[in-house]
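Below is one structure, written out as C-alpha cells; comments come after it.
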Protein chains: 4
Amino acid sequence: MYFASDNWAGAHPKIAQSLAGQASGFAPAYGTSDLDRKVEEKFCEIFGREVSVFFVATGTAANSLALTSVSRPGGVAFCHRESHVVEDEGGAPEYLSGGMRLHAVDGTLGRINPNDLLAKMAHFDPKFVHSGQPVAVSITQSTEIGTVYSLDQIEAIGAICKEKNLPLHMDGARFANALVSLDTTPAEMTWKRGVDFVSFGGTKNGCWCAEAIVVLDPGRAKEMPFIRKRAAQLFSKSRFIAAQFDAYFADDLWLETARHANAMAARLAGHMERSPKMRLAWKPEANEVFALMSSAAAETLQQKGVKFHEWKLPAGFSAAGVETGEKLWRFVTSFATTEGEIEAFGNLAG
Amino acid sequence: MYFASDNWAGAHPKIAQSLAGQASGFAPAYGTSDLDRKVEEKFCEIFGREVSVFFVATGTAANSLALTSVSRPGGVAFCHRESHVVEDEGGAPEYLSGGMRLHAVDGTLGRINPNDLLAKMAHFDPKFVHSGQPVAVSITQSTEIGTVYSLDQIEAIGAICKEKNLPLHMDGARFANALVSLDTTPAEMTWKRGVDFVSFGGTKNGCWCAEAIVVLDPGRAKEMPFIRKRAAQLFSKSRFIAAQFDAYFADDLWLETARHANAMAARLAGHMERSPKMRLAWKPEANEVFALMSSAAAETLQQKGVKFHEWKLPAGFSAAGVETGEKLWRFVTSFATTEGEIEAFGNLAG
Amino acid sequence: MYFASDNWAGAHPKIAQSLAGQASGFAPAYGTSDLDRKVEEKFCEIFGREVSVFFVATGTAANSLALTSVSRPGGVAFCHRESHVVEDEGGAPEYLSGGMRLHAVDGTLGRINPNDLLAKMAHFDPKFVHSGQPVAVSITQSTEIGTVYSLDQIEAIGAICKEKNLPLHMDGARFANALVSLDTTPAEMTWKRGVDFVSFGGTKNGCWCAEAIVVLDPGRAKEMPFIRKRAAQLFSKSRFIAAQFDAYFADDLWLETARHANAMAARLAGHMERSPKMRLAWKPEANEVFALMSSAAAETLQQKGVKFHEWKLPAGFSAAGVETGEKLWRFVTSFATTEGEIEAFGNLAG
Amino acid sequence: MYFASDNWAGAHPKIAQSLAGQASGFAPAYGTSDLDRKVEEKFCEIFGREVSVFFVATGTAANSLALTSVSRPGGVAFCHRESHVVEDEGGAPEYLSGGMRLHAVDGTLGRINPNDLLAKMAHFDPKFVHSGQPVAVSITQSTEIGTVYSLDQIEAIGAICKEKNLPLHMDGARFANALVSLDTTPAEMTWKRGVDFVSFGGTKNGCWCAEAIVVLDPGRAKEMPFIRKRAAQLFSKSRFIAAQFDAYFADDLWLETARHANAMAARLAGHMERSPKMRLAWKPEANEVFALMSSAAAETLQQKGVKFHEWKLPAGFSAAGVETGEKLWRFVTSFATTEGEIEAFGNLAG
C-alpha cells in the first residue's frame with residue numbers, strides 16, 4: 001500500500017514502451033528532433049493556442065526557471081505559505097534567480113486568498129528602491145494539500161496580476177489531477193484565466209521524468225532557451241523526454257491516469273470518513289488525501305505495510321479542530337494505485 | 001551515416017530494457033531506493049575506493065556543480081582553451097557558481113600544457129584581493145578533440161594541483177572512451193593521479209540520460225546534496241537513472257560500447273588517411289575523428305547522407321598545416337555506429 | 001525640526017575636521033595606511049579583544065556581506081519580521097549571498113522572541129535537502145523601532161545560536177545608541193553574549209560615511225577581504241573612512257553623540273506623553289520615538305516645519321491599542337538635534 | 001616622491017572644503033537632496049545632453065553595475081586583455097552580474113584592436129544557446145597603461161557596437177586625464193562616438209570618494225536605481241559625494257587637476273628619456289608613465305624614497321624590445337604631484 005508519494009511509482013506501461021521505441025535509430029540532439037517538434041505541436045493543440053515548451057529535468061527546475069525568466073535580484077514573487085516552491089525546493093528559486101525573494105501569502109486549504117495577496121502586495125511600492133519590487137505571482141494547481149482552485153478563483157488572482165501588470169505562474173506538478181477534477185480544458189484553466197507560465201508536470205502522473213515549462217505567450221519565451229541551457233537543464237537526448245510526453249498525450253492517457261488517481265483518492269477518503277481510527281482532515285479534490293490520527297494509530301498502519309508520511313499542519317488550520325494527540329498525515333494516490341490497495345487500506349482502517 | 005555526435009544515438013538495448021524493468025512497482029524517491037544504493041556501491045567498486053555519487057541531468061550540470069562545490073565568486077578555474085566547459089555550456093559554470101571565472105590554458109591537441117598552466121597560475125597571488133583566487137583545475141578526458149591524456153600527463157597536472165592545493169576535476173563526458181583507449185582502470189586514471197572530482201558521463205556511451213558527479217574523496221562531498229537540490233538537479237524518480245547505470249556497468253557493458261565506438265573511429269580514420277578527398281587532421285585516440293577537407297568535398301558527402309559538422313580550428317593548430325580552402329570537420333562514432341556505416345563512408349571517401 | 005531620520009544630519013565638526021586633515025599628503029591605498037591600522041587597533045581596544053575590521057560603504061553592505069560570509073544559496077538566516085535587513089535593503093542580502101533566504105521571526109517591540117526563533121528553526125532539518133539550511137541569526141541593536149535588547153535578551157539568543165551552531169550577527173546601525181542606553185561595553189553587548197559579527201555603524205551617529213563589519217573572532221574573517229573586494233566595497237582612499245572613525249572614537253566622542261541623541265529622544269517622548277494631540281506609542285530606549293496621532297494632526301505639524309514620516313504598524317501591535325484614525329509616526333533624533341528643536345516641538349505639541 | 005598610484009593622494013583643498021561645508025545642516029537622504037539634484041544637472045550640462053547619474057562607492061562598483069545593467073548570466077562582455085575590469089576587480093563584474101563572462105580582446109598599447117574585437121565577436125552566434133551571447137563592450141579611457149583612445153578610435157569601436165546592437169561602456173576612472181589629453185569635450189568623447197555608459201571617476205583626480213555611473217541615454221537607466229540599491233551602493237548621506245563633485249566641476253577644477261597631472265607625467269617621461277638608468281617604455285598620453293629598467297636600478301630609486309611599482313608586461317609588447325634584466329615599472333602622477341617631486345626624480349634619474 002504505497003501512499004507515500006506519487007513519485008514512488010514507476011512509469012505507465014505505454015510510456016515505458018514509447019520510450020523503449022526510441023532506443024534504436026539516430027536523431028538530432030538538444031531538442032531539435034522531429035519528435036521534439038511533434039510534441040511541441042501537441043502542447044499547442046492541448047492548450048488551444050501557440051505556446052512555447054521547454055523540457056527540463058525536474059519540477060523544481062520548471063518552477064525556478066519560469067520565475068527566473070520574469071525575475072531579477074530584489075524581485076518579490078508571491079506564493080502560498082505552504083506552497084512547494086517556498087517549502088520544498090531547497091532554495092532553488094532564490095538561487096537560480098540570483099536572489100529573488102518568495103513572499104508567503106495566506107489562504108485556507110492551500111489556496112492564496114486574493115485579499116491577502118492584495119494586502120501583501122500593498123506593502124511594496126514598485127518605485128521605492130528600499131523594499132523589493134513585485135515580479136510575479138505563483139499558484140499551485142492542484143495545491144500542495146490536494147485541493148483545487150476553481151476557475152473563478154484562478155480568474156480572481158489572474159485579474160489582480162493583470163491589474164498590477166505581474167505575470168502569473170502556475171505550478172502544475174499535478175496539473176492533470178486538477179484538470180480532471182474541474183472537468184475543464186487547459187485553456188480554460190490557464191491563459192483564459194490569466195495564467196502566463198505553467199510548470200507542466202508529467203512525472204507524478206505516469207512518466208519517469210517529463211517536466212516542461214509552458215510559456216503561454218511565446219513572446220515571453222525569448223530568453224528561455226538561454227536560461228534553460230545555462231541552468232544545465234537542456235538534455236542532449238531530449239527525445240527521451242519527448243517520447244514520454246508523446247505517449248502521455250496519446251489517446252488522452254494523461255487524463256485517464258489522472259482520473260484514476262483522483263478516483264482512488266476519493267475512495268481512500270471514503271474509508272477514512274468511515275474509520276473509527278482516524279478522521280478525514282478535509283475533502284480531497286485531486287490525488288492527495290489528508291487524515292488526522294494519533295501517532296499510535298499511524299504506526300499501526302505503517303507496521304502493516306501502509307506507506308505514508310506525517311505532514312505539517314497548515315497555518316491557521318482549525319477547520320475540524322485538531323484534538324490532543326492528533327497529527328496530520330498525507331496519503332497520495334497515483335496512476336499505479338490499485339483498487340486492491342484501497343480495499344486493503346479500508347480493511348485496516350475499518 | 002550518423003557521425004554528427006554521439007548524442008544523436010538512442011540507448012543500448014540492454015539499458016533500455018533495464019529501464020523498462022523499472023516501470024512497475026514502487027520505490028522511495030529522491031535517490032533513496034535500493035537500486036540507487038546498489039549503483040552507488042557499484043561506483044565504489046569500479047573506482048576501487050569509497051566514492052560519493054550524485055546523479056544529475058546533464059554533463060553541463062555535472063561539470064558546473066562539481067566546480068561550484070569548490071568555487072566561490074572571484075574564484076578562477078583553469079581549463080583548456082577549447083574545452084567543453086568554457087566553449088559549450090552556455091555560461092552554466094559561471095552562473096551556477098555565482099560568478100567564478102574560467103581561465104583558458106593552452107596546449108596542443110586538446111590537452112593542457114602543464115607549463116602553460118603554471119604560467120597562467122603564476123599570474124594570481126592567492127592573497128591579493130584585486131585579482132581572482134585560483135580554485136580548481138579542470139581537464140577533459142577524452143579531450144574535446146578526441147585525444148586522450150596519458151596517465152603521466154594526468155599525473156603531471158595532478159602534481160601541480162597538489163602543490164598548489166587546488167582540486168582537480170575531470171570532465172568525463174567520454175570517460176569510458178578514454179579508459180579503454182588507455183587500457184587502464186578508473187582508479188589509475190583518476191584519484192591515483194590526483195583527480196578529485198569526475199563528471200562521469202554515460203549518455204554519450206549508450207544511455208539516454210545518465211550523468212553523475214563522482215566525488216573521489218567523500219569528505220569533499222558534504223555540501224553536494226544541497227548544491228544539487230538547489231540547482232534543481234535532484235530527480236524524484238532517481239531510480240530511472242540508476243537503472244541505466246545498473247545495466248551500463250553489468251558485464252562491463254560500458255567498456256564494450258566504448259571499445260566499439262573507439263574501434264569504429266579508428267577505422268573511420270583509416271578511410272580518411274587513404275582518401276584522396278580529405279586528410280586526417282590528427283590521430284584519434286577515442287571516438288572523435290577530425291578531417292581536413294574543402295567545403296565542396298564536405299557538401300558532397302553531406303548530400304550523400306553523411307551527417308557531420310564543421311569544427312573550429314584549435315588555437316595554434318598547424319600540425320599538418322592547413323591548406324587554402326581546407327576546413328576542419330568532426331566525425332563522432334558511438335556504441336550505435338555500425339561497420340556498415342563505416343564501410344559506406346569508406347566507399348564515398350575512396 | 002528635523003526628525004525625519006538620523007541620516008539627514010551632516011557630520012560632527014570634529015569628524016569633518018579629522019577628515020579635512022587628511023586632504024594633503026600621501027598614503028598607501030586600499031586600507032593599508034598607518035591610519036587604517038591605527039583605527040583597526042582602536043576597534044580591538046574598544047571591543048576588548050582582537051577583532052577584524054572591514055570598512056564598507058553602507059550599512060546595507062555591512063549587513064549583507066556579514067551574512068554572505070556565513071551563508072550559501074539555500075541557506076536561511078533568521079531575523080525579526082520588521083528588521084531593516086528584510087524590510088529596507090532592496091534585496092541586497094539575497095542578491096549578494098547568491099540566494100540566501102531571510103526568515104522572519106516574530107517578537108514584540110522589535111525584538112526577536114527566542115521561543116518563536118526556536119519554533120521557526122524547528123521547521124528546518126539541517127540534513128533535509130528539500131527545505132533550506134539555517135545559516136545565521138541576525139538581531140538589530142537598537143531595534144528598528146527604537147527599543148534595545150537587554151544583555152540577557154542578547155544572551156538568550158546567543159545561547160540558541162551556540163546550541164544550533166549558528167553564527168549570530170548584530171545589525172549595529174545604531175550600535176552606539178544601544179550601548180549608552182544599556183550603559184555597558186561593546187564586549188558585554190556582543191561577543192560575551194554570543195555575537196559573532198557586528199555591522200558597526202558610524203554614519204547615523206555623526207559620520208558622513210563610516211560603516212564597518214567587525215568580525216569578533218578573526219578566525220572567521222579569512223574570506224572577508226575577498227568578499228568585500230568582489231562586492232565593490234573596498235575603498236581605494238580607505239583612510240577617508242579611517243579618519244572619520246579616528247575622530248569618532250577619540251575622547252569617546254561616539255558615546256557623547258549617542259547619549260545626546262538618546263537624551264533628545266527621551267525629551268521628545270516626554271512632550272508626546274504630555275500632548276493632547278498624540279500619544280507615545282511605546283517608551284523609546286534609544287534615539288527613535290514613535291507616536292500615534294491622526295493624519296490631520298501630523299499634517300499640521302508638518303506644515304509647521306516638523307520633518308517626520310509615517311511608519312508601518314508592527315505586526316501584532318496592540319500594546320496601547322490603536323484607535324480609529326490613528327496612525328503611527330516615527331521621529332528620529334541625532335547628534336545634531338538641538339534642545340531648541342525639542343522645545344519648539346514641545347510648543348507645537350502642547 | 002609618490003608615484004605609486006593616483007589613489008595615494010588625499011583630496012584637493014577645494015574639494016575638502018566643499019565637503020566640510022556640508023557638515024552642518026540637514027538634508028534629505030539617499031540622493032534626494034537639493035545638492036544631489038544640482039550636481040546631476042551639472043553632469044547634464046557637462047555631457048551636453050540629458051543623462052542619468054548614479055553615485056557609487058568605487059570604480060569597481062561603477063564598472064560592474066554598468067555592465068550588470070546590460071548583462072545576464074551567460075552574457076559575454078568584451079574588454080581589453082589588460083583592462084582593469086578583467087585584471088583588478090577581484091571578480092566583481094562576474095559576481096555582481098550573476099555570472100557574466102569577460103572576454104579578453106587584444107590590441108597594442110592598451111587599446112582594443114577593432115579587428116580583433118570583430119574576430120572575437122564572430123566566435124559567438126547570438127542565437128546559439130551553447131556558447132554565450134555578447135552583451136557589451138567596455139573600453140578604458142585613459143587606458144590601463146596611460147595611453148588614450150583617439151576620437152576616431154572610439155568611433156570605430158562605437159560603430160561596431162552599433163552594428164552588433166551592443167552597448168558600449170567606458171571605464172573612465174581617469175576620464176578627465178583622457179579628456180584634457182585629447183582637448184575635447186565629454187560629449188565628443190562619449191555619446192557622439194557611440195558610448196552608452198561611463199564609469200565617471202573623480203577619486204583619482206582630486207576627490208576622496210566620488211564615482212558615478214553616467215547613463216548617457218536615460219532610457220537605459222530605468223533599472224539602475226534598483227541595481228544600485230541591491231548592490232549596497234546607495235549612500236544614505238549621498239550629499240557628501242555630491243559636495244565633492246560640486247567643487248570638482250566648479251570653475252573647471254577637474255580639468256585643471258587633470259591637466260596638471262598630465263603635465264607632470266610628461267615631464268617625468270622627459271626625465272626618463274634622458275636617463276642613462278632607464279628607458280621610457282612608451283610615450284605617456286595621460287598621467288601614467290612606464291619605464292623599463294633593471295631591478296637593481298629600481299631598488300636604488302626606491303631606497304631613495306621614490307614610490308612606484310613593477311607592472312606586468314603587456315601581452316605582445318615588443319615596441320622597444322625588452323632587454324635582458326629589464327623590467328617594466330609604473331609611475332603615476334596626480335593633482336598632488338609637485339614640480340619639486342619631478343625635479344627630485346630627475347636628479348636621481350640623471
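Scheme for the C-alpha cells: letters A, B, ... for chains in order shown; per-chain residue numbers from 1; ligand numbers from 1 in order shown.
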Those of stretch 47-194 of chain A in DSSP strand (DSSP E), formatted as an NGL selection string: :A and (52-56 or 75-80 or 101-105 or 133-140 or 168-172)
Within 10 Å of chain A, which residues of chain D show up when using only C-alpha atoms, listed as a list in words?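 My answer is Tyr30, Arg72, Pro73, Gly74, Gly75, Leu96, Ser97, Gly98, Gly99, Lys127, Phe128, Val129, His130, Ser131, Gly132, Gln133, Glu223, Met224, Pro225, Phe226, Ile227, Arg228, Lys229, Arg230, Ala231 and Leu234 of chain D.
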Those selected residues, please, written with N, CA and C atoms and delivered as a PDB file, in the first residue's frame.
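As a result, selection-v2.pdb now contains:
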```pdb
ATOM      1  N   TYR D  30      19.645  59.609   0.782  1.00  0.00           N
ATOM      2  CA  TYR D  30      19.557  58.678  -0.346  1.00  0.00           C
ATOM      3  C   TYR D  30      19.475  59.380  -1.701  1.00  0.00           C
ATOM      4  N   ARG D  72      23.503  39.592 -18.377  1.00  0.00           N
ATOM      5  CA  ARG D  72      22.760  38.493 -17.782  1.00  0.00           C
ATOM      6  C   ARG D  72      23.702  37.313 -17.701  1.00  0.00           C
ATOM      7  N   PRO D  73      23.439  36.360 -16.813  1.00  0.00           N
ATOM      8  CA  PRO D  73      24.303  35.187 -16.789  1.00  0.00           C
ATOM      9  C   PRO D  73      24.344  34.557 -18.187  1.00  0.00           C
ATOM     10  N   GLY D  74      25.504  34.119 -18.578  1.00  0.00           N
ATOM     11  CA  GLY D  74      25.651  33.588 -19.936  1.00  0.00           C
ATOM     12  C   GLY D  74      25.999  34.668 -20.939  1.00  0.00           C
ATOM     13  N   GLY D  75      25.998  35.918 -20.492  1.00  0.00           N
ATOM     14  CA  GLY D  75      26.386  37.013 -21.368  1.00  0.00           C
ATOM     15  C   GLY D  75      27.897  37.169 -21.413  1.00  0.00           C
ATOM     16  N   LEU D  96      28.710  40.347  -9.506  1.00  0.00           N
ATOM     17  CA  LEU D  96      27.547  41.236  -9.408  1.00  0.00           C
ATOM     18  C   LEU D  96      26.575  41.038 -10.567  1.00  0.00           C
ATOM     19  N   SER D  97      27.083  40.561 -11.691  1.00  0.00           N
ATOM     20  CA  SER D  97      26.189  40.284 -12.818  1.00  0.00           C
ATOM     21  C   SER D  97      25.591  38.887 -12.712  1.00  0.00           C
ATOM     22  N   GLY D  98      25.989  38.128 -11.726  1.00  0.00           N
ATOM     23  CA  GLY D  98      25.452  36.780 -11.566  1.00  0.00           C
ATOM     24  C   GLY D  98      26.061  35.773 -12.517  1.00  0.00           C
ATOM     25  N   GLY D  99      27.213  36.108 -13.105  1.00  0.00           N
ATOM     26  CA  GLY D  99      27.883  35.112 -13.935  1.00  0.00           C
ATOM     27  C   GLY D  99      28.130  35.504 -15.380  1.00  0.00           C
ATOM     28  N   LYS D 127      22.268  33.399 -31.414  1.00  0.00           N
ATOM     29  CA  LYS D 127      21.117  32.512 -31.272  1.00  0.00           C
ATOM     30  C   LYS D 127      21.498  31.110 -30.808  1.00  0.00           C
ATOM     31  N   PHE D 128      22.779  30.858 -30.662  1.00  0.00           N
ATOM     32  CA  PHE D 128      23.266  29.524 -30.314  1.00  0.00           C
ATOM     33  C   PHE D 128      23.365  29.430 -28.793  1.00  0.00           C
ATOM     34  N   VAL D 129      22.578  28.539 -28.207  1.00  0.00           N
ATOM     35  CA  VAL D 129      22.498  28.548 -26.743  1.00  0.00           C
ATOM     36  C   VAL D 129      23.745  27.990 -26.055  1.00  0.00           C
ATOM     37  N   HIS D 130      24.578  27.259 -26.794  1.00  0.00           N
ATOM     38  CA  HIS D 130      25.695  26.576 -26.136  1.00  0.00           C
ATOM     39  C   HIS D 130      26.861  27.504 -25.824  1.00  0.00           C
ATOM     40  N   SER D 131      27.099  28.463 -26.686  1.00  0.00           N
ATOM     41  CA  SER D 131      28.118  29.466 -26.360  1.00  0.00           C
ATOM     42  C   SER D 131      27.404  30.652 -25.715  1.00  0.00           C
ATOM     43  N   GLY D 132      28.135  31.622 -25.253  1.00  0.00           N
ATOM     44  CA  GLY D 132      27.495  32.766 -24.613  1.00  0.00           C
ATOM     45  C   GLY D 132      26.945  33.752 -25.647  1.00  0.00           C
ATOM     46  N   GLN D 133      26.224  34.730 -25.140  1.00  0.00           N
ATOM     47  CA  GLN D 133      25.695  35.775 -26.011  1.00  0.00           C
ATOM     48  C   GLN D 133      26.390  37.100 -25.697  1.00  0.00           C
ATOM     49  N   GLU D 223      16.372  50.579 -14.654  1.00  0.00           N
ATOM     50  CA  GLU D 223      16.623  49.583 -13.607  1.00  0.00           C
ATOM     51  C   GLU D 223      17.729  50.000 -12.643  1.00  0.00           C
ATOM     52  N   MET D 224      18.511  50.996 -13.022  1.00  0.00           N
ATOM     53  CA  MET D 224      19.731  51.298 -12.274  1.00  0.00           C
ATOM     54  C   MET D 224      19.489  51.652 -10.804  1.00  0.00           C
ATOM     55  N   PRO D 225      18.449  52.398 -10.460  1.00  0.00           N
ATOM     56  CA  PRO D 225      18.254  52.690  -9.037  1.00  0.00           C
ATOM     57  C   PRO D 225      18.117  51.414  -8.198  1.00  0.00           C
ATOM     58  N   PHE D 226      17.459  50.419  -8.755  1.00  0.00           N
ATOM     59  CA  PHE D 226      17.268  49.164  -8.033  1.00  0.00           C
ATOM     60  C   PHE D 226      18.569  48.352  -8.014  1.00  0.00           C
ATOM     61  N   ILE D 227      19.262  48.366  -9.132  1.00  0.00           N
ATOM     62  CA  ILE D 227      20.547  47.655  -9.212  1.00  0.00           C
ATOM     63  C   ILE D 227      21.517  48.232  -8.186  1.00  0.00           C
ATOM     64  N   ARG D 228      21.566  49.556  -8.109  1.00  0.00           N
ATOM     65  CA  ARG D 228      22.484  50.189  -7.157  1.00  0.00           C
ATOM     66  C   ARG D 228      22.117  49.865  -5.716  1.00  0.00           C
ATOM     67  N   LYS D 229      20.834  49.978  -5.410  1.00  0.00           N
ATOM     68  CA  LYS D 229      20.420  49.729  -4.029  1.00  0.00           C
ATOM     69  C   LYS D 229      20.719  48.299  -3.609  1.00  0.00           C
ATOM     70  N   ARG D 230      20.355  47.349  -4.432  1.00  0.00           N
ATOM     71  CA  ARG D 230      20.540  45.946  -4.029  1.00  0.00           C
ATOM     72  C   ARG D 230      22.016  45.574  -3.990  1.00  0.00           C
ATOM     73  N   ALA D 231      22.852  46.349  -4.668  1.00  0.00           N
ATOM     74  CA  ALA D 231      24.293  46.115  -4.592  1.00  0.00           C
ATOM     75  C   ALA D 231      24.919  46.876  -3.429  1.00  0.00           C
ATOM     76  N   LEU D 234      24.008  52.479  -2.462  1.00  0.00           N
ATOM     77  CA  LEU D 234      23.267  53.729  -2.310  1.00  0.00           C
ATOM     78  C   LEU D 234      23.615  54.359  -0.965  1.00  0.00           C
TER      79      LEU D 234
END
```
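For stretch 108-114 of chain A, the list of residues within 6 Å, based on only C-alpha atoms and with local chain neighbours fewer than 5 positions off taken out, reads A:His80, A:Thr143, A:Ile145.
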When DSSP works through the backbone of this structure, what residues of stretch 166-333 of chain D end up as helix (DSSP H, G or I), shown as a PyMOL selection string? chain D and resi 175-182+186-189+191-193+203-205+218-220+224-230+239-274+295-303
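Picture a line from atom CA of C:Asn165 to atom CA of C:Ala77; it runs 12.9 Å.
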Which is closer to C:Gly90 than all the others in D:Ala286, D:Ala173, D:Ala269, D:Ala232, using only C-alpha atoms?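 Between D:Ala286, D:Ala173, D:Ala269, D:Ala232, the residue approaching C:Gly90 most closely is D:Ala232.
When the distance limit is 12 Å and only C-alpha atoms are what count, the residues near D:Glu273, minus those fewer than 5 positions from it on the same chain, are Ala266, Arg267, Leu268, Met278, Arg279, Leu280, Ala281, Trp282, Lys283, Pro284, Val289, Phe290, Ala291, Leu292, Met293, Gly346, Ala349 and Gly350 of chain D.
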Deliver the residues from the most recent selection as a file, using N, CA and C atoms, as a PDB file, in the first residue's frame.
```pdb
ATOM      1  N   ALA D 266      54.248  64.126 -18.290  1.00  0.00           N
ATOM      2  CA  ALA D 266      55.074  64.413 -19.473  1.00  0.00           C
ATOM      3  C   ALA D 266      56.488  64.799 -19.056  1.00  0.00           C
ATOM      4  N   ARG D 267      56.573  65.583 -18.007  1.00  0.00           N
ATOM      5  CA  ARG D 267      57.910  65.973 -17.545  1.00  0.00           C
ATOM      6  C   ARG D 267      58.671  64.779 -16.968  1.00  0.00           C
ATOM      7  N   LEU D 268      57.935  63.922 -16.273  1.00  0.00           N
ATOM      8  CA  LEU D 268      58.561  62.708 -15.746  1.00  0.00           C
ATOM      9  C   LEU D 268      59.100  61.860 -16.899  1.00  0.00           C
ATOM     10  N   MET D 278      67.429  54.145 -17.257  1.00  0.00           N
ATOM     11  CA  MET D 278      66.130  53.564 -17.603  1.00  0.00           C
ATOM     12  C   MET D 278      65.746  54.041 -18.995  1.00  0.00           C
ATOM     13  N   ARG D 279      64.718  53.399 -19.526  1.00  0.00           N
ATOM     14  CA  ARG D 279      64.187  53.846 -20.818  1.00  0.00           C
ATOM     15  C   ARG D 279      62.690  54.059 -20.683  1.00  0.00           C
ATOM     16  N   LEU D 280      62.186  55.026 -21.376  1.00  0.00           N
ATOM     17  CA  LEU D 280      60.729  55.222 -21.396  1.00  0.00           C
ATOM     18  C   LEU D 280      60.131  54.093 -22.230  1.00  0.00           C
ATOM     19  N   ALA D 281      59.129  53.383 -21.671  1.00  0.00           N
ATOM     20  CA  ALA D 281      58.576  52.230 -22.398  1.00  0.00           C
ATOM     21  C   ALA D 281      57.754  52.670 -23.596  1.00  0.00           C
ATOM     22  N   TRP D 282      56.916  53.653 -23.392  1.00  0.00           N
ATOM     23  CA  TRP D 282      56.148  54.264 -24.482  1.00  0.00           C
ATOM     24  C   TRP D 282      55.716  55.641 -24.031  1.00  0.00           C
ATOM     25  N   LYS D 283      55.360  56.454 -24.985  1.00  0.00           N
ATOM     26  CA  LYS D 283      55.015  57.841 -24.711  1.00  0.00           C
ATOM     27  C   LYS D 283      53.716  57.922 -23.901  1.00  0.00           C
ATOM     28  N   PRO D 284      53.750  58.581 -22.751  1.00  0.00           N
ATOM     29  CA  PRO D 284      52.512  58.697 -21.972  1.00  0.00           C
ATOM     30  C   PRO D 284      51.563  59.700 -22.617  1.00  0.00           C
ATOM     31  N   VAL D 289      53.074  56.808 -16.436  1.00  0.00           N
ATOM     32  CA  VAL D 289      54.319  56.737 -17.202  1.00  0.00           C
ATOM     33  C   VAL D 289      54.968  55.392 -16.909  1.00  0.00           C
ATOM     34  N   PHE D 290      55.428  54.724 -17.949  1.00  0.00           N
ATOM     35  CA  PHE D 290      56.012  53.393 -17.784  1.00  0.00           C
ATOM     36  C   PHE D 290      57.466  53.409 -18.241  1.00  0.00           C
ATOM     37  N   ALA D 291      58.317  52.834 -17.398  1.00  0.00           N
ATOM     38  CA  ALA D 291      59.747  52.817 -17.706  1.00  0.00           C
ATOM     39  C   ALA D 291      60.265  51.393 -17.668  1.00  0.00           C
ATOM     40  N   LEU D 292      61.273  51.146 -18.481  1.00  0.00           N
ATOM     41  CA  LEU D 292      61.985  49.872 -18.443  1.00  0.00           C
ATOM     42  C   LEU D 292      63.315  50.098 -17.735  1.00  0.00           C
ATOM     43  N   MET D 293      63.552  49.300 -16.708  1.00  0.00           N
ATOM     44  CA  MET D 293      64.859  49.386 -16.052  1.00  0.00           C
ATOM     45  C   MET D 293      65.091  48.088 -15.278  1.00  0.00           C
ATOM     46  N   GLY D 346      64.155  63.728 -11.367  1.00  0.00           N
ATOM     47  CA  GLY D 346      65.099  63.980 -12.466  1.00  0.00           C
ATOM     48  C   GLY D 346      66.544  63.915 -11.987  1.00  0.00           C
ATOM     49  N   ALA D 349      67.458  60.294 -11.484  1.00  0.00           N
ATOM     50  CA  ALA D 349      67.498  59.516 -12.727  1.00  0.00           C
ATOM     51  C   ALA D 349      68.657  59.921 -13.617  1.00  0.00           C
ATOM     52  N   GLY D 350      69.115  61.145 -13.418  1.00  0.00           N
ATOM     53  CA  GLY D 350      70.122  61.694 -14.321  1.00  0.00           C
ATOM     54  C   GLY D 350      71.487  60.991 -14.225  1.00  0.00           C
TER      55      GLY D 350
END
```
Near-stretch 195-211 of chain B list (8 Å; only C-alpha atoms; drop same-chain fewer than 5 positions) as number ranges by chain: A: 235, 237, 240; B: 6-7, 9-12, 15-16, 55-59, 62-63, 66, 158, 167-176, 190, 216-217, 241-242, 244-245, 248, 254, 257-258, 334-336
Can you write just those residues out, C-alpha atoms, as a compact mmCIF listing (two decimals), in the first residue's frame?
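And here's result-v1.txt as it stands now:
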```txt
# COMPACT_ATOMS: atom_id res chain seq x y z
CA PHE A 235 19.03 17.46 -22.33
CA LYS A 237 18.96 13.30 -25.95
CA PHE A 240 13.71 10.63 -24.39
CA ASP B 6 27.42 10.55 -30.06
CA ASN B 7 24.35 12.14 -28.55
CA ALA B 9 22.18 7.85 -30.83
CA GLY B 10 19.38 6.40 -28.71
CA ALA B 11 20.08 3.85 -25.97
CA HIS B 12 21.74 0.48 -25.91
CA ILE B 15 19.97 -0.18 -20.98
CA ALA B 16 16.55 0.43 -22.46
CA PHE B 55 23.21 11.73 -10.44
CA VAL B 56 22.40 14.88 -12.40
CA ALA B 57 20.52 15.57 -15.60
CA THR B 58 23.29 16.74 -17.91
CA GLY B 59 27.03 16.84 -18.37
CA ALA B 62 27.99 17.64 -13.59
CA ASN B 63 30.78 19.98 -14.66
CA ALA B 66 31.49 19.91 -9.36
CA GLY B 158 47.67 16.35 -10.56
CA PRO B 167 41.23 20.34 -6.54
CA LEU B 168 41.45 18.62 -9.93
CA HIS B 169 38.26 17.98 -11.85
CA MET B 170 37.93 15.64 -14.81
CA ASP B 171 35.19 16.23 -17.35
CA GLY B 172 34.49 12.63 -18.23
CA ALA B 173 31.65 13.07 -20.68
CA ARG B 174 33.62 10.46 -22.68
CA PHE B 175 35.29 8.84 -19.68
CA ALA B 176 34.81 5.30 -20.92
CA THR B 190 41.66 9.40 -11.60
CA LEU B 216 36.55 10.65 -5.14
CA ASP B 217 37.06 11.71 -1.56
CA ILE B 241 18.92 6.97 -13.81
CA ALA B 242 20.11 4.20 -11.53
CA GLN B 244 20.52 2.86 -16.71
CA PHE B 245 23.80 2.78 -14.83
CA TYR B 248 25.68 0.11 -18.10
CA TRP B 254 30.16 0.29 -20.76
CA THR B 257 30.34 0.01 -26.02
CA ALA B 258 33.31 2.35 -25.61
CA SER B 334 29.26 5.69 -30.78
CA PHE B 335 28.03 2.37 -29.50
CA ALA B 336 25.43 2.56 -32.25
```
Would you list the contacts of A:Thr333 as a PyMOL selection string, taking every protein, DNA or RNA residue within 8 Å and counting only C-alpha atoms, but skipping same-chain residues closer than 4 positions in sequence? chain A and resi 2-3+5-6+261-262+264-265+287-288+337
Set the distance at 12 Å and use only C-alpha atoms: which residues neighbour C:Val39 once local chain neighbours fewer than 4 positions away are removed? I'd like the list as a PyMOL selection string. chain C and resi 31-35+43-46+51-55+210+212+238-250
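Coordinates place atom CA of A:Leu179 at a distance of 24.0 Å from atom CA of A:Ala221.
Counting only C-alpha atoms, the residue from B:Lys192, B:His123, B:Arg81, B:Lys42 that sits nearest to B:Asp252 is B:Lys42.
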